[in-house]
$ cat my_file-v9.pdb   # PDB, C-alpha atoms and all ligand atoms
ATOM      1  CA  MET A   1       3.911 -35.374  35.685
ATOM      2  CA  ILE A   2       0.523 -36.392  34.245
ATOM      3  CA  SER A   3      -0.652 -39.895  35.088
ATOM      4  CA  LEU A   4      -1.449 -42.411  32.387
ATOM      5  CA  ASP A   5      -5.156 -42.310  33.329
ATOM      6  CA  ALA A   6      -5.207 -38.529  32.971
ATOM      7  CA  LYS A   7      -3.510 -38.809  29.563
ATOM      8  CA  LEU A   8      -6.170 -41.307  28.446
ATOM      9  CA  VAL A   9      -8.954 -38.981  29.608
ATOM     10  CA  ILE A  10      -7.372 -36.083  27.654
ATOM     11  CA  LEU A  11      -6.965 -38.265  24.558
ATOM     12  CA  VAL A  12     -10.603 -39.442  24.654
ATOM     13  CA  ALA A  13     -11.782 -35.843  25.172
ATOM     14  CA  LEU A  14      -9.725 -34.656  22.171
ATOM     15  CA  MET A  15     -11.067 -37.476  19.996
ATOM     16  CA  ALA A  16     -14.634 -36.590  21.009
ATOM     17  CA  LEU A  17     -13.961 -32.934  20.164
ATOM     18  CA  ALA A  18     -12.501 -33.861  16.762
ATOM     19  CA  ALA A  19     -15.545 -36.021  16.024
ATOM     20  CA  CYS A  20     -17.799 -32.999  16.693
ATOM     21  CA  CYS A  21     -15.967 -30.728  14.237
ATOM     22  CA  ARG A  22     -17.774 -31.880  11.131
ATOM     23  CA  ALA A  23     -18.347 -29.942   7.939
ATOM     24  CA  GLY A  24     -21.736 -28.959   9.363
ATOM     25  CA  TRP A  25     -19.919 -26.617  11.710
ATOM     26  CA  ALA A  26     -18.228 -24.771   8.874
ATOM     27  CA  LYS A  27     -19.070 -21.147   8.121
ATOM     28  CA  SER A  28     -22.337 -20.958   6.215
ATOM     29  CA  GLY A  29     -22.850 -17.230   5.716
ATOM     30  CA  ARG A  30     -21.369 -13.780   5.889
ATOM     31  CA  THR A  31     -19.649 -13.011   9.209
ATOM     32  CA  LEU A  32     -17.387  -9.961   8.748
ATOM     33  CA  GLN A  33     -20.081  -7.496   7.622
ATOM     34  CA  THR A  34     -23.775  -7.415   8.486
ATOM     35  CA  GLU A  35     -26.315  -7.285   5.649
ATOM     36  CA  GLU A  36     -27.177  -3.720   6.772
ATOM     37  CA  GLN A  37     -23.543  -2.609   6.519
ATOM     38  CA  LEU A  38     -23.269  -4.184   3.096
ATOM     39  CA  ALA A  39     -26.486  -2.552   1.850
ATOM     40  CA  GLY A  40     -25.187   0.815   3.086
ATOM     41  CA  LEU A  41     -21.874   0.279   1.338
ATOM     42  CA  ARG A  42     -23.481  -0.697  -1.958
ATOM     43  CA  ALA A  43     -25.792   2.333  -1.823
ATOM     44  CA  ASP A  44     -22.890   4.718  -1.168
ATOM     45  CA  ALA A  45     -22.405   7.373  -3.868
ATOM     46  CA  GLN A  46     -18.660   6.603  -4.039
ATOM     47  CA  THR A  47     -19.159   2.891  -4.697
ATOM     48  CA  PRO A  48     -19.403   2.954  -8.531
ATOM     49  CA  ALA A  49     -16.049   4.784  -8.644
ATOM     50  CA  ARG A  50     -14.579   2.297  -6.146
ATOM     51  CA  ILE A  51     -15.781  -0.614  -8.292
ATOM     52  CA  ALA A  52     -14.284   0.929 -11.435
ATOM     53  CA  GLY A  53     -10.956   1.475  -9.662
ATOM     54  CA  LEU A  54     -10.866  -2.086  -8.331
ATOM     55  CA  ARG A  55     -11.787  -3.537 -11.720
ATOM     56  CA  ALA A  56      -8.970  -1.583 -13.363
ATOM     57  CA  ALA A  57      -6.485  -2.715 -10.702
ATOM     58  CA  CYS A  58      -7.267  -6.410 -11.109
ATOM     59  CA  ASP A  59      -8.423  -6.524 -14.720
ATOM     60  CA  TYR A  60      -5.466  -8.758 -15.670
ATOM     61  CA  LEU A  61      -6.463 -11.237 -12.949
ATOM     62  CA  LEU A  62     -10.122 -11.250 -13.996
ATOM     63  CA  LYS A  63      -9.063 -12.250 -17.512
ATOM     64  CA  MET A  64      -7.140 -15.326 -16.311
ATOM     65  CA  SER A  65      -8.602 -18.825 -16.356
ATOM     66  CA  ASP A  66      -8.669 -20.829 -13.121
ATOM     67  CA  ASP A  67      -5.605 -22.777 -14.312
ATOM     68  CA  GLU A  68      -3.732 -19.575 -15.126
ATOM     69  CA  LEU A  69      -4.562 -18.153 -11.700
ATOM     70  CA  TRP A  70      -3.404 -21.368 -10.043
ATOM     71  CA  ASP A  71      -0.051 -21.172 -11.848
ATOM     72  CA  PHE A  72       0.248 -17.430 -11.182
ATOM     73  CA  VAL A  73       0.656 -17.979  -7.415
ATOM     74  CA  PRO A  74       4.232 -19.191  -6.856
ATOM     75  CA  PRO A  75       4.560 -22.494  -5.021
ATOM     76  CA  PRO A  76       5.977 -22.402  -1.474
ATOM     77  CA  ASP A  77       9.292 -23.943  -2.546
ATOM     78  CA  LEU A  78      10.086 -21.036  -4.878
ATOM     79  CA  PRO A  79      12.287 -18.733  -2.755
ATOM     80  CA  ARG A  80      11.314 -15.097  -2.151
ATOM     81  CA  CYS A  81      14.287 -12.764  -1.784
ATOM     82  CA  LEU A  82      14.599  -9.202  -0.474
ATOM     83  CA  ASN A  83      17.679  -8.499  -2.567
ATOM     84  CA  VAL A  84      19.598 -10.084  -5.430
ATOM     85  CA  ARG A  85      22.710 -10.109  -3.256
ATOM     86  CA  PHE A  86      23.084  -7.933  -0.162
ATOM     87  CA  GLY A  87      26.203  -5.758  -0.170
ATOM     88  CA  VAL A  88      27.353  -6.974  -3.591
ATOM     89  CA  GLY A  89      24.591  -5.751  -5.912
ATOM     90  CA  CYS A  90      24.925  -6.338  -9.648
ATOM     91  CA  PRO A  91      27.262  -9.065 -11.011
ATOM     92  CA  VAL A  92      28.635  -6.522 -13.515
ATOM     93  CA  HIS A  93      28.251  -3.105 -11.837
ATOM     94  CA  GLY A  94      28.608  -4.184  -8.195
ATOM     95  CA  ALA A  95      27.510  -1.803  -5.437
ATOM     96  CA  GLU A  96      27.172   1.079  -7.941
ATOM     97  CA  ILE A  97      23.600  -0.158  -8.338
ATOM     98  CA  PHE A  98      22.744   0.943  -4.763
ATOM     99  CA  LYS A  99      23.954   4.501  -5.471
ATOM    100  CA  VAL A 100      21.662   4.696  -8.484
ATOM    101  CA  GLY A 101      18.613   2.799  -7.238
ATOM    102  CA  GLY A 102      18.747   2.754  -3.415
ATOM    103  CA  HIS A 103      18.272  -0.312  -1.238
ATOM    104  CA  TYR A 104      16.036  -2.232  -3.663
ATOM    105  CA  PRO A 105      17.383  -0.994  -6.984
ATOM    106  CA  TRP A 106      16.385  -3.591  -9.584
ATOM    107  CA  LYS A 107      13.779  -2.669 -12.194
ATOM    108  CA  LEU A 108      10.862  -5.073 -12.604
ATOM    109  CA  ASP A 109       8.364  -5.343 -15.435
ATOM    110  CA  PRO A 110       5.426  -7.805 -15.482
ATOM    111  CA  ALA A 111       5.834  -7.933 -19.288
ATOM    112  CA  GLN A 112       9.170  -9.685 -18.578
ATOM    113  CA  PRO A 113       8.215 -12.158 -15.835
ATOM    114  CA  PHE A 114      10.989 -13.381 -13.498
ATOM    115  CA  LYS A 115      13.544 -10.962 -14.997
ATOM    116  CA  VAL A 116      15.328  -8.128 -13.200
ATOM    117  CA  THR A 117      16.966  -5.187 -14.961
ATOM    118  CA  CYS A 118      20.002  -3.310 -13.670
ATOM    119  CA  PRO A 119      19.374   0.461 -13.433
ATOM    120  CA  VAL A 120      23.076   1.185 -14.126
ATOM    121  CA  GLY A 121      23.735  -0.699 -17.371
ATOM    122  CA  GLY A 122      20.188  -1.697 -18.339
ATOM    123  CA  GLU A 123      21.170  -5.371 -18.651
ATOM    124  CA  THR A 124      18.650  -8.044 -17.672
ATOM    125  CA  TYR A 125      19.047 -11.212 -15.565
ATOM    126  CA  PRO A 126      18.727 -14.179 -15.610
ATOM    127  CA  THR A 127      19.722 -15.107 -19.165
ATOM    128  CA  ASN A 128      17.494 -18.216 -19.231
ATOM    129  CA  ASP A 129      13.732 -18.135 -19.823
ATOM    130  CA  PHE A 130      12.612 -18.918 -16.276
ATOM    131  CA  ALA A 131       8.925 -18.317 -17.147
ATOM    132  CA  ALA A 132       9.004 -21.194 -19.663
ATOM    133  CA  TYR A 133      10.971 -23.391 -17.255
ATOM    134  CA  TYR A 134       8.407 -22.608 -14.502
ATOM    135  CA  LYS A 135       5.499 -23.398 -16.820
ATOM    136  CA  ALA A 136       7.097 -26.747 -17.725
ATOM    137  CA  GLY A 137       7.178 -27.723 -14.053
ATOM    138  CA  ARG A 138      10.874 -26.962 -13.252
ATOM    139  CA  LYS A 139      11.894 -30.574 -13.970
ATOM    140  CA  GLU A 140      14.923 -29.929 -16.201
ATOM    141  CA  LYS A 141      18.312 -29.666 -14.436
ATOM    142  CA  LEU A 142      19.827 -26.268 -15.223
ATOM    143  CA  ASP A 143      23.534 -25.477 -14.912
ATOM    144  CA  THR A 144      23.359 -22.401 -12.679
ATOM    145  CA  ARG A 145      27.122 -21.805 -13.038
ATOM    146  CA  GLN A 146      26.625 -20.856 -16.691
ATOM    147  CA  PRO A 147      26.486 -17.072 -17.050
ATOM    148  CA  TYR A 148      23.443 -15.791 -15.192
ATOM    149  CA  VAL A 149      21.340 -18.964 -15.344
ATOM    150  CA  ASP A 150      18.840 -19.086 -12.468
ATOM    151  CA  ASP A 151      16.601 -22.088 -11.685
ATOM    152  CA  GLY A 152      14.844 -20.184  -8.879
ATOM    153  CA  TYR A 153      17.643 -20.876  -6.407
ATOM    154  CA  GLY A 154      19.988 -18.287  -7.859
ATOM    155  CA  TRP A 155      23.011 -18.003 -10.132
ATOM    156  CA  VAL A 156      26.413 -18.757  -8.565
ATOM    157  CA  ASN A 157      29.522 -16.848  -9.672
ATOM    158  CA  GLU A 158      33.122 -18.148  -9.707
ATOM    159  CA  LYS A 159      33.590 -16.974  -6.082
ATOM    160  CA  GLY A 160      30.632 -19.072  -4.986
ATOM    161  CA  GLU A 161      28.436 -15.997  -4.434
ATOM    162  CA  ARG A 162      24.780 -16.610  -5.141
ATOM    163  CA  PHE A 163      22.636 -13.980  -6.907
ATOM    164  CA  TRP A 164      18.873 -14.310  -6.444
ATOM    165  CA  PHE A 165      17.467 -12.779  -9.652
ATOM    166  CA  VAL A 166      14.296 -14.860  -9.839
ATOM    167  CA  GLY A 167      13.754 -14.752  -6.059
ATOM    168  CA  TYR A 168      13.868 -10.947  -6.111
ATOM    169  CA  TYR A 169      11.179 -10.830  -8.806
ATOM    170  CA  VAL A 170       9.080 -13.455  -7.010
ATOM    171  CA  PHE A 171       9.107 -11.430  -3.783
ATOM    172  CA  TRP A 172       8.780  -7.827  -4.960
ATOM    173  CA  GLN A 173       6.743  -8.205  -8.129
ATOM    174  CA  ARG A 174       4.768 -11.429  -7.951
ATOM    175  CA  TRP A 175       3.914 -11.503  -4.233
ATOM    176  CA  ARG A 176       4.109  -7.865  -3.131
ATOM    177  CA  LYS A 177       2.691  -6.148  -6.216
ATOM    178  CA  GLU A 178       0.452  -8.817  -7.739
ATOM    179  CA  VAL A 179      -0.735 -11.737  -5.599
ATOM    180  CA  LEU A 180      -1.293 -10.040  -2.215
ATOM    181  CA  PRO A 181      -2.925  -6.819  -3.507
ATOM    182  CA  GLY A 182      -4.781  -8.985  -6.048
ATOM    183  CA  ILE A 183      -6.418 -11.063  -3.307
ATOM    184  CA  SER A 184      -7.430  -7.914  -1.450
ATOM    185  CA  ASN A 185      -8.769  -6.165  -4.576
ATOM    186  CA  LEU A 186     -10.730  -9.208  -5.755
ATOM    187  CA  ALA A 187     -12.254  -9.670  -2.275
ATOM    188  CA  ARG A 188     -13.343  -6.000  -2.155
ATOM    189  CA  LEU A 189     -14.699  -6.162  -5.682
ATOM    190  CA  TYR A 190     -16.768  -9.235  -4.802
ATOM    191  CA  LEU A 191     -18.053  -7.564  -1.644
ATOM    192  CA  LEU A 192     -19.224  -4.480  -3.567
ATOM    193  CA  THR A 193     -20.666  -6.271  -6.605
ATOM    194  CA  GLY A 194     -21.615  -9.782  -5.371
ATOM    195  CA  ASP A 195     -20.302 -10.948  -8.745
ATOM    196  CA  LYS A 196     -18.723 -14.396  -8.313
TER     197      LYS A 196
HETATM  198 ZN    ZN B   1      24.443  -3.975 -13.802
END

$ encode --input "my_file-v9.pdb" --output "structure tokens"
Amino acid sequence: MISLDAKLVILVALMALAACCRAGWAKSGRTLQTEEQLAGLRADAQTPARIAGLRAACDYLLKMSDDELWDFVPPPDLPRCLNVRFGVGCPVHGAEIFKVGGHYPWKLDPAQPFKVTCPVGGETYPTNDFAAYYKAGRKEKLDTRQPYVDDGYGWVNEKGERFWFVGYYVFWQRWRKEVLPGISNLARLYLLTGDK
């Protein structure tokens, strides 16, 4: 048991510590690489090829405006899902989809954002335009019991089973293939070129 006096001492010490942590203590220069390491890296014969490869990988991100980039990163309340529905698969073709496409069978295409395509029948879900709904701020109330309508929290069939079409795209395509590698590629590109 800590006495009241001891608690007061700890509180005052914490307040003093917090008061010390001003912006002036923030990072003010490079800390992960030394200038010598960076100079060596930039002089490396392989670096022009590395820069070209990185530019190609994140060209679509470099073309976006700040607002577009901001909207590109899904907000934390938009679920990320490993599968559309474990054990069930496709609403039409069921578990057949796992025989054709393995554990994570749905086809994804950045040209069709937030859509997933079944590798068995080639049909695409959801039926609503989630990209437009997302852009408009997800304010409208969608009826997710209508055939294959997904508001980000899945479509629910007549048995009450939820299918996470949008969540699957958000996890595998947007986060795993675009946002996370994009951050890494842009950081490396900046390191090699110094181009803000
Ligand atoms: Zn299907």

$ closest_atom_pairs --input "my_file-v9.pdb" --of "chain A" --to "ligand ZN 1 (chain B)" --cutoff "9 Å" --atoms "all atoms listed in the file" --output "JSON lines"
{"residue": "A:Gly89", "atom": "CA", "partner": "B:ZN1", "partner_atom": "ZN", "distance": 8.1}
{"residue": "A:Cys90", "atom": "CA", "partner": "B:ZN1", "partner_atom": "ZN", "distance": 4.8}
{"residue": "A:Pro91", "atom": "CA", "partner": "B:ZN1", "partner_atom": "ZN", "distance": 6.5}
{"residue": "A:Val92", "atom": "CA", "partner": "B:ZN1", "partner_atom": "ZN", "distance": 4.9}
{"residue": "A:His93", "atom": "CA", "partner": "B:ZN1", "partner_atom": "ZN", "distance": 4.4}
{"residue": "A:Gly94", "atom": "CA", "partner": "B:ZN1", "partner_atom": "ZN", "distance": 7.0}
{"residue": "A:Glu96", "atom": "CA", "partner": "B:ZN1", "partner_atom": "ZN", "distance": 8.2}
{"residue": "A:Ile97", "atom": "CA", "partner": "B:ZN1", "partner_atom": "ZN", "distance": 6.7}
{"residue": "A:Thr117", "atom": "CA", "partner": "B:ZN1", "partner_atom": "ZN", "distance": 7.7}
{"residue": "A:Cys118", "atom": "CA", "partner": "B:ZN1", "partner_atom": "ZN", "distance": 4.5}
{"residue": "A:Pro119", "atom": "CA", "partner": "B:ZN1", "partner_atom": "ZN", "distance": 6.7}
{"residue": "A:Val120", "atom": "CA", "partner": "B:ZN1", "partner_atom": "ZN", "distance": 5.3}
{"residue": "A:Gly121", "atom": "CA", "partner": "B:ZN1", "partner_atom": "ZN", "distance": 4.9}
{"residue": "A:Gly122", "atom": "CA", "partner": "B:ZN1", "partner_atom": "ZN", "distance": 6.6}
{"residue": "A:Glu123", "atom": "CA", "partner": "B:ZN1", "partner_atom": "ZN", "distance": 6.0}
{"residue": "A:Thr124", "atom": "CA", "partner": "B:ZN1", "partner_atom": "ZN", "distance": 8.1}

$ atom_distance --input "my_file-v9.pdb" --atom1 "atom CA of Phe163 of chain A" --atom2 "atom CA of Glu68 of chain A"
28.2 Å

$ residues_near_point --input "my_file-v9.pdb" --point "(12.5, -4.9, -6.8)" --cutoff "8 Å" --atoms "all atoms listed in the file" --output "NGL selection string"
:A and (82-83 or 104-108 or 116 or 168-169 or 171-173)

$ resolve_selection --input "my_file-v9.pdb" --expression "the PyMOL selection byres (((chain A and resi 33-39) around 12) and not hetatm)" --output "PyMOL selection string"
chain A and resi 29-32+40-44+47+188+190-194

$ resolve_selection --input "my_file-v9.pdb" --expression "the PyMOL selection byres (((chain A and resi 72) around 10) and not hetatm)" --output "MDAnalysis selection string"
chainID A and resid 61 64 66:71 73:75 135 174:175 178:179

$ residues_around --input "my_file-v9.pdb" --residues "Leu54 of chain A" --least-positions-apart "3" --cutoff "12 Å" --atoms "only C-alpha atoms" --output "count of residues only"
24

$ decode --input "my_file-v9.pdb" --residues "segment 10-118 of chain A" --atoms "C-alpha atoms" --output "PDB file, in the first residue's frame"
ATOM      1  CA  ILE A  10       4.924  10.599  -7.465  1.00  0.00           C
ATOM      2  CA  LEU A  11       2.241  12.883  -8.913  1.00  0.00           C
ATOM      3  CA  VAL A  12       4.414  16.010  -8.548  1.00  0.00           C
ATOM      4  CA  ALA A  13       7.379  14.163 -10.097  1.00  0.00           C
ATOM      5  CA  LEU A  14       5.240  13.065 -13.074  1.00  0.00           C
ATOM      6  CA  MET A  15       3.916  16.599 -13.566  1.00  0.00           C
ATOM      7  CA  ALA A  16       7.474  17.966 -13.496  1.00  0.00           C
ATOM      8  CA  LEU A  17       8.525  15.349 -16.061  1.00  0.00           C
ATOM      9  CA  ALA A  18       5.577  16.208 -18.328  1.00  0.00           C
ATOM     10  CA  ALA A  19       6.456  19.903 -18.102  1.00  0.00           C
ATOM     11  CA  CYS A  20       9.995  19.093 -19.319  1.00  0.00           C
ATOM     12  CA  CYS A  21       8.806  17.217 -22.421  1.00  0.00           C
ATOM     13  CA  ARG A  22       8.326  20.249 -24.617  1.00  0.00           C
ATOM     14  CA  ALA A  23       8.484  20.418 -28.387  1.00  0.00           C
ATOM     15  CA  GLY A  24      12.123  21.461 -28.003  1.00  0.00           C
ATOM     16  CA  TRP A  25      12.909  17.883 -27.071  1.00  0.00           C
ATOM     17  CA  ALA A  26      11.455  16.520 -30.286  1.00  0.00           C
ATOM     18  CA  LYS A  27      13.670  14.877 -32.895  1.00  0.00           C
ATOM     19  CA  SER A  28      15.469  17.534 -34.907  1.00  0.00           C
ATOM     20  CA  GLY A  29      17.591  15.520 -37.325  1.00  0.00           C
ATOM     21  CA  ARG A  30      18.335  12.164 -38.846  1.00  0.00           C
ATOM     22  CA  THR A  31      18.768   9.375 -36.276  1.00  0.00           C
ATOM     23  CA  LEU A  32      18.460   6.002 -38.055  1.00  0.00           C
ATOM     24  CA  GLN A  33      21.321   6.476 -40.542  1.00  0.00           C
ATOM     25  CA  THR A  34      24.498   8.523 -40.189  1.00  0.00           C
ATOM     26  CA  GLU A  35      25.343  11.070 -42.894  1.00  0.00           C
ATOM     27  CA  GLU A  36      28.296   8.829 -43.884  1.00  0.00           C
ATOM     28  CA  GLN A  37      26.029   5.804 -44.347  1.00  0.00           C
ATOM     29  CA  LEU A  38      23.632   7.879 -46.401  1.00  0.00           C
ATOM     30  CA  ALA A  39      26.407   9.298 -48.603  1.00  0.00           C
ATOM     31  CA  GLY A  40      27.670   5.749 -49.197  1.00  0.00           C
ATOM     32  CA  LEU A  41      24.191   4.565 -50.096  1.00  0.00           C
ATOM     33  CA  ARG A  42      23.574   7.412 -52.527  1.00  0.00           C
ATOM     34  CA  ALA A  43      26.946   6.819 -54.206  1.00  0.00           C
ATOM     35  CA  ASP A  44      26.258   3.093 -54.632  1.00  0.00           C
ATOM     36  CA  ALA A  45      26.187   1.919 -58.265  1.00  0.00           C
ATOM     37  CA  GLN A  46      22.892   0.065 -57.666  1.00  0.00           C
ATOM     38  CA  THR A  47      21.077   3.127 -56.330  1.00  0.00           C
ATOM     39  CA  PRO A  48      19.756   4.574 -59.635  1.00  0.00           C
ATOM     40  CA  ALA A  49      18.130   1.196 -60.382  1.00  0.00           C
ATOM     41  CA  ARG A  50      16.732   1.055 -56.830  1.00  0.00           C
ATOM     42  CA  ILE A  51      15.265   4.550 -57.238  1.00  0.00           C
ATOM     43  CA  ALA A  52      13.677   3.624 -60.573  1.00  0.00           C
ATOM     44  CA  GLY A  53      12.160   0.477 -59.051  1.00  0.00           C
ATOM     45  CA  LEU A  54      10.778   2.365 -56.054  1.00  0.00           C
ATOM     46  CA  ARG A  55       9.359   5.120 -58.253  1.00  0.00           C
ATOM     47  CA  ALA A  56       7.590   2.538 -60.410  1.00  0.00           C
ATOM     48  CA  ALA A  57       6.194   0.765 -57.336  1.00  0.00           C
ATOM     49  CA  CYS A  58       4.701   3.913 -55.822  1.00  0.00           C
ATOM     50  CA  ASP A  59       4.065   5.995 -58.929  1.00  0.00           C
ATOM     51  CA  TYR A  60       0.294   5.913 -58.297  1.00  0.00           C
ATOM     52  CA  LEU A  61       0.850   7.293 -54.786  1.00  0.00           C
ATOM     53  CA  LEU A  62       3.184  10.043 -56.001  1.00  0.00           C
ATOM     54  CA  LYS A  63       0.455  11.251 -58.362  1.00  0.00           C
ATOM     55  CA  MET A  64      -2.111  11.665 -55.561  1.00  0.00           C
ATOM     56  CA  SER A  65      -2.844  14.997 -53.904  1.00  0.00           C
ATOM     57  CA  ASP A  66      -2.535  15.273 -50.121  1.00  0.00           C
ATOM     58  CA  ASP A  67      -6.337  15.012 -49.834  1.00  0.00           C
ATOM     59  CA  GLU A  68      -6.414  11.912 -52.026  1.00  0.00           C
ATOM     60  CA  LEU A  69      -3.675  10.301 -49.940  1.00  0.00           C
ATOM     61  CA  TRP A  70      -5.553  11.148 -46.750  1.00  0.00           C
ATOM     62  CA  ASP A  71      -8.706   9.463 -48.078  1.00  0.00           C
ATOM     63  CA  PHE A  72      -6.721   6.507 -49.441  1.00  0.00           C
ATOM     64  CA  VAL A  73      -5.803   5.307 -45.923  1.00  0.00           C
ATOM     65  CA  PRO A  74      -8.906   3.607 -44.490  1.00  0.00           C
ATOM     66  CA  PRO A  75     -10.132   4.992 -41.178  1.00  0.00           C
ATOM     67  CA  PRO A  76      -9.731   2.777 -38.090  1.00  0.00           C
ATOM     68  CA  ASP A  77     -13.463   2.037 -37.892  1.00  0.00           C
ATOM     69  CA  LEU A  78     -13.488   0.364 -41.315  1.00  0.00           C
ATOM     70  CA  PRO A  79     -13.100  -3.360 -40.518  1.00  0.00           C
ATOM     71  CA  ARG A  80     -10.236  -5.396 -41.995  1.00  0.00           C
ATOM     72  CA  CYS A  81     -11.120  -9.033 -42.632  1.00  0.00           C
ATOM     73  CA  LEU A  82      -8.980 -12.099 -43.354  1.00  0.00           C
ATOM     74  CA  ASN A  83     -11.779 -13.850 -45.215  1.00  0.00           C
ATOM     75  CA  VAL A  84     -15.199 -13.031 -46.640  1.00  0.00           C
ATOM     76  CA  ARG A  85     -16.688 -15.791 -44.499  1.00  0.00           C
ATOM     77  CA  PHE A  86     -14.599 -18.580 -42.981  1.00  0.00           C
ATOM     78  CA  GLY A  87     -15.826 -22.075 -43.840  1.00  0.00           C
ATOM     79  CA  VAL A  88     -18.698 -20.812 -45.999  1.00  0.00           C
ATOM     80  CA  GLY A  89     -16.910 -19.039 -48.857  1.00  0.00           C
ATOM     81  CA  CYS A  90     -18.965 -17.563 -51.687  1.00  0.00           C
ATOM     82  CA  PRO A  91     -22.692 -16.765 -51.205  1.00  0.00           C
ATOM     83  CA  VAL A  92     -23.412 -18.508 -54.531  1.00  0.00           C
ATOM     84  CA  HIS A  93     -20.674 -21.151 -54.929  1.00  0.00           C
ATOM     85  CA  GLY A  94     -20.043 -21.917 -51.245  1.00  0.00           C
ATOM     86  CA  ALA A  95     -16.872 -23.771 -50.252  1.00  0.00           C
ATOM     87  CA  GLU A  96     -16.124 -24.631 -53.911  1.00  0.00           C
ATOM     88  CA  ILE A  97     -14.230 -21.336 -53.927  1.00  0.00           C
ATOM     89  CA  PHE A  98     -11.578 -22.764 -51.549  1.00  0.00           C
ATOM     90  CA  LYS A  99     -10.928 -25.711 -53.898  1.00  0.00           C
ATOM     91  CA  VAL A 100     -10.306 -23.308 -56.763  1.00  0.00           C
ATOM     92  CA  GLY A 101      -8.491 -20.476 -54.994  1.00  0.00           C
ATOM     93  CA  GLY A 102      -7.082 -21.859 -51.718  1.00  0.00           C
ATOM     94  CA  HIS A 103      -7.442 -20.233 -48.312  1.00  0.00           C
ATOM     95  CA  TYR A 104      -7.725 -16.639 -49.569  1.00  0.00           C
ATOM     96  CA  PRO A 105      -9.430 -17.200 -52.909  1.00  0.00           C
ATOM     97  CA  TRP A 106     -11.069 -13.893 -53.846  1.00  0.00           C
ATOM     98  CA  LYS A 107      -9.671 -11.917 -56.778  1.00  0.00           C
ATOM     99  CA  LEU A 108      -8.884  -8.253 -56.136  1.00  0.00           C
ATOM    100  CA  ASP A 109      -8.274  -5.465 -58.622  1.00  0.00           C
ATOM    101  CA  PRO A 110      -7.354  -1.875 -57.643  1.00  0.00           C
ATOM    102  CA  ALA A 111      -9.256  -0.733 -60.766  1.00  0.00           C
ATOM    103  CA  GLN A 112     -12.398  -1.962 -58.944  1.00  0.00           C
ATOM    104  CA  PRO A 113     -11.861  -0.621 -55.414  1.00  0.00           C
ATOM    105  CA  PHE A 114     -13.652  -2.408 -52.541  1.00  0.00           C
ATOM    106  CA  LYS A 115     -14.925  -5.184 -54.843  1.00  0.00           C
ATOM    107  CA  VAL A 116     -14.079  -8.884 -54.638  1.00  0.00           C
ATOM    108  CA  THR A 117     -14.494 -11.326 -57.518  1.00  0.00           C
ATOM    109  CA  CYS A 118     -15.292 -15.016 -57.127  1.00  0.00           C
TER     110      CYS A 118
END
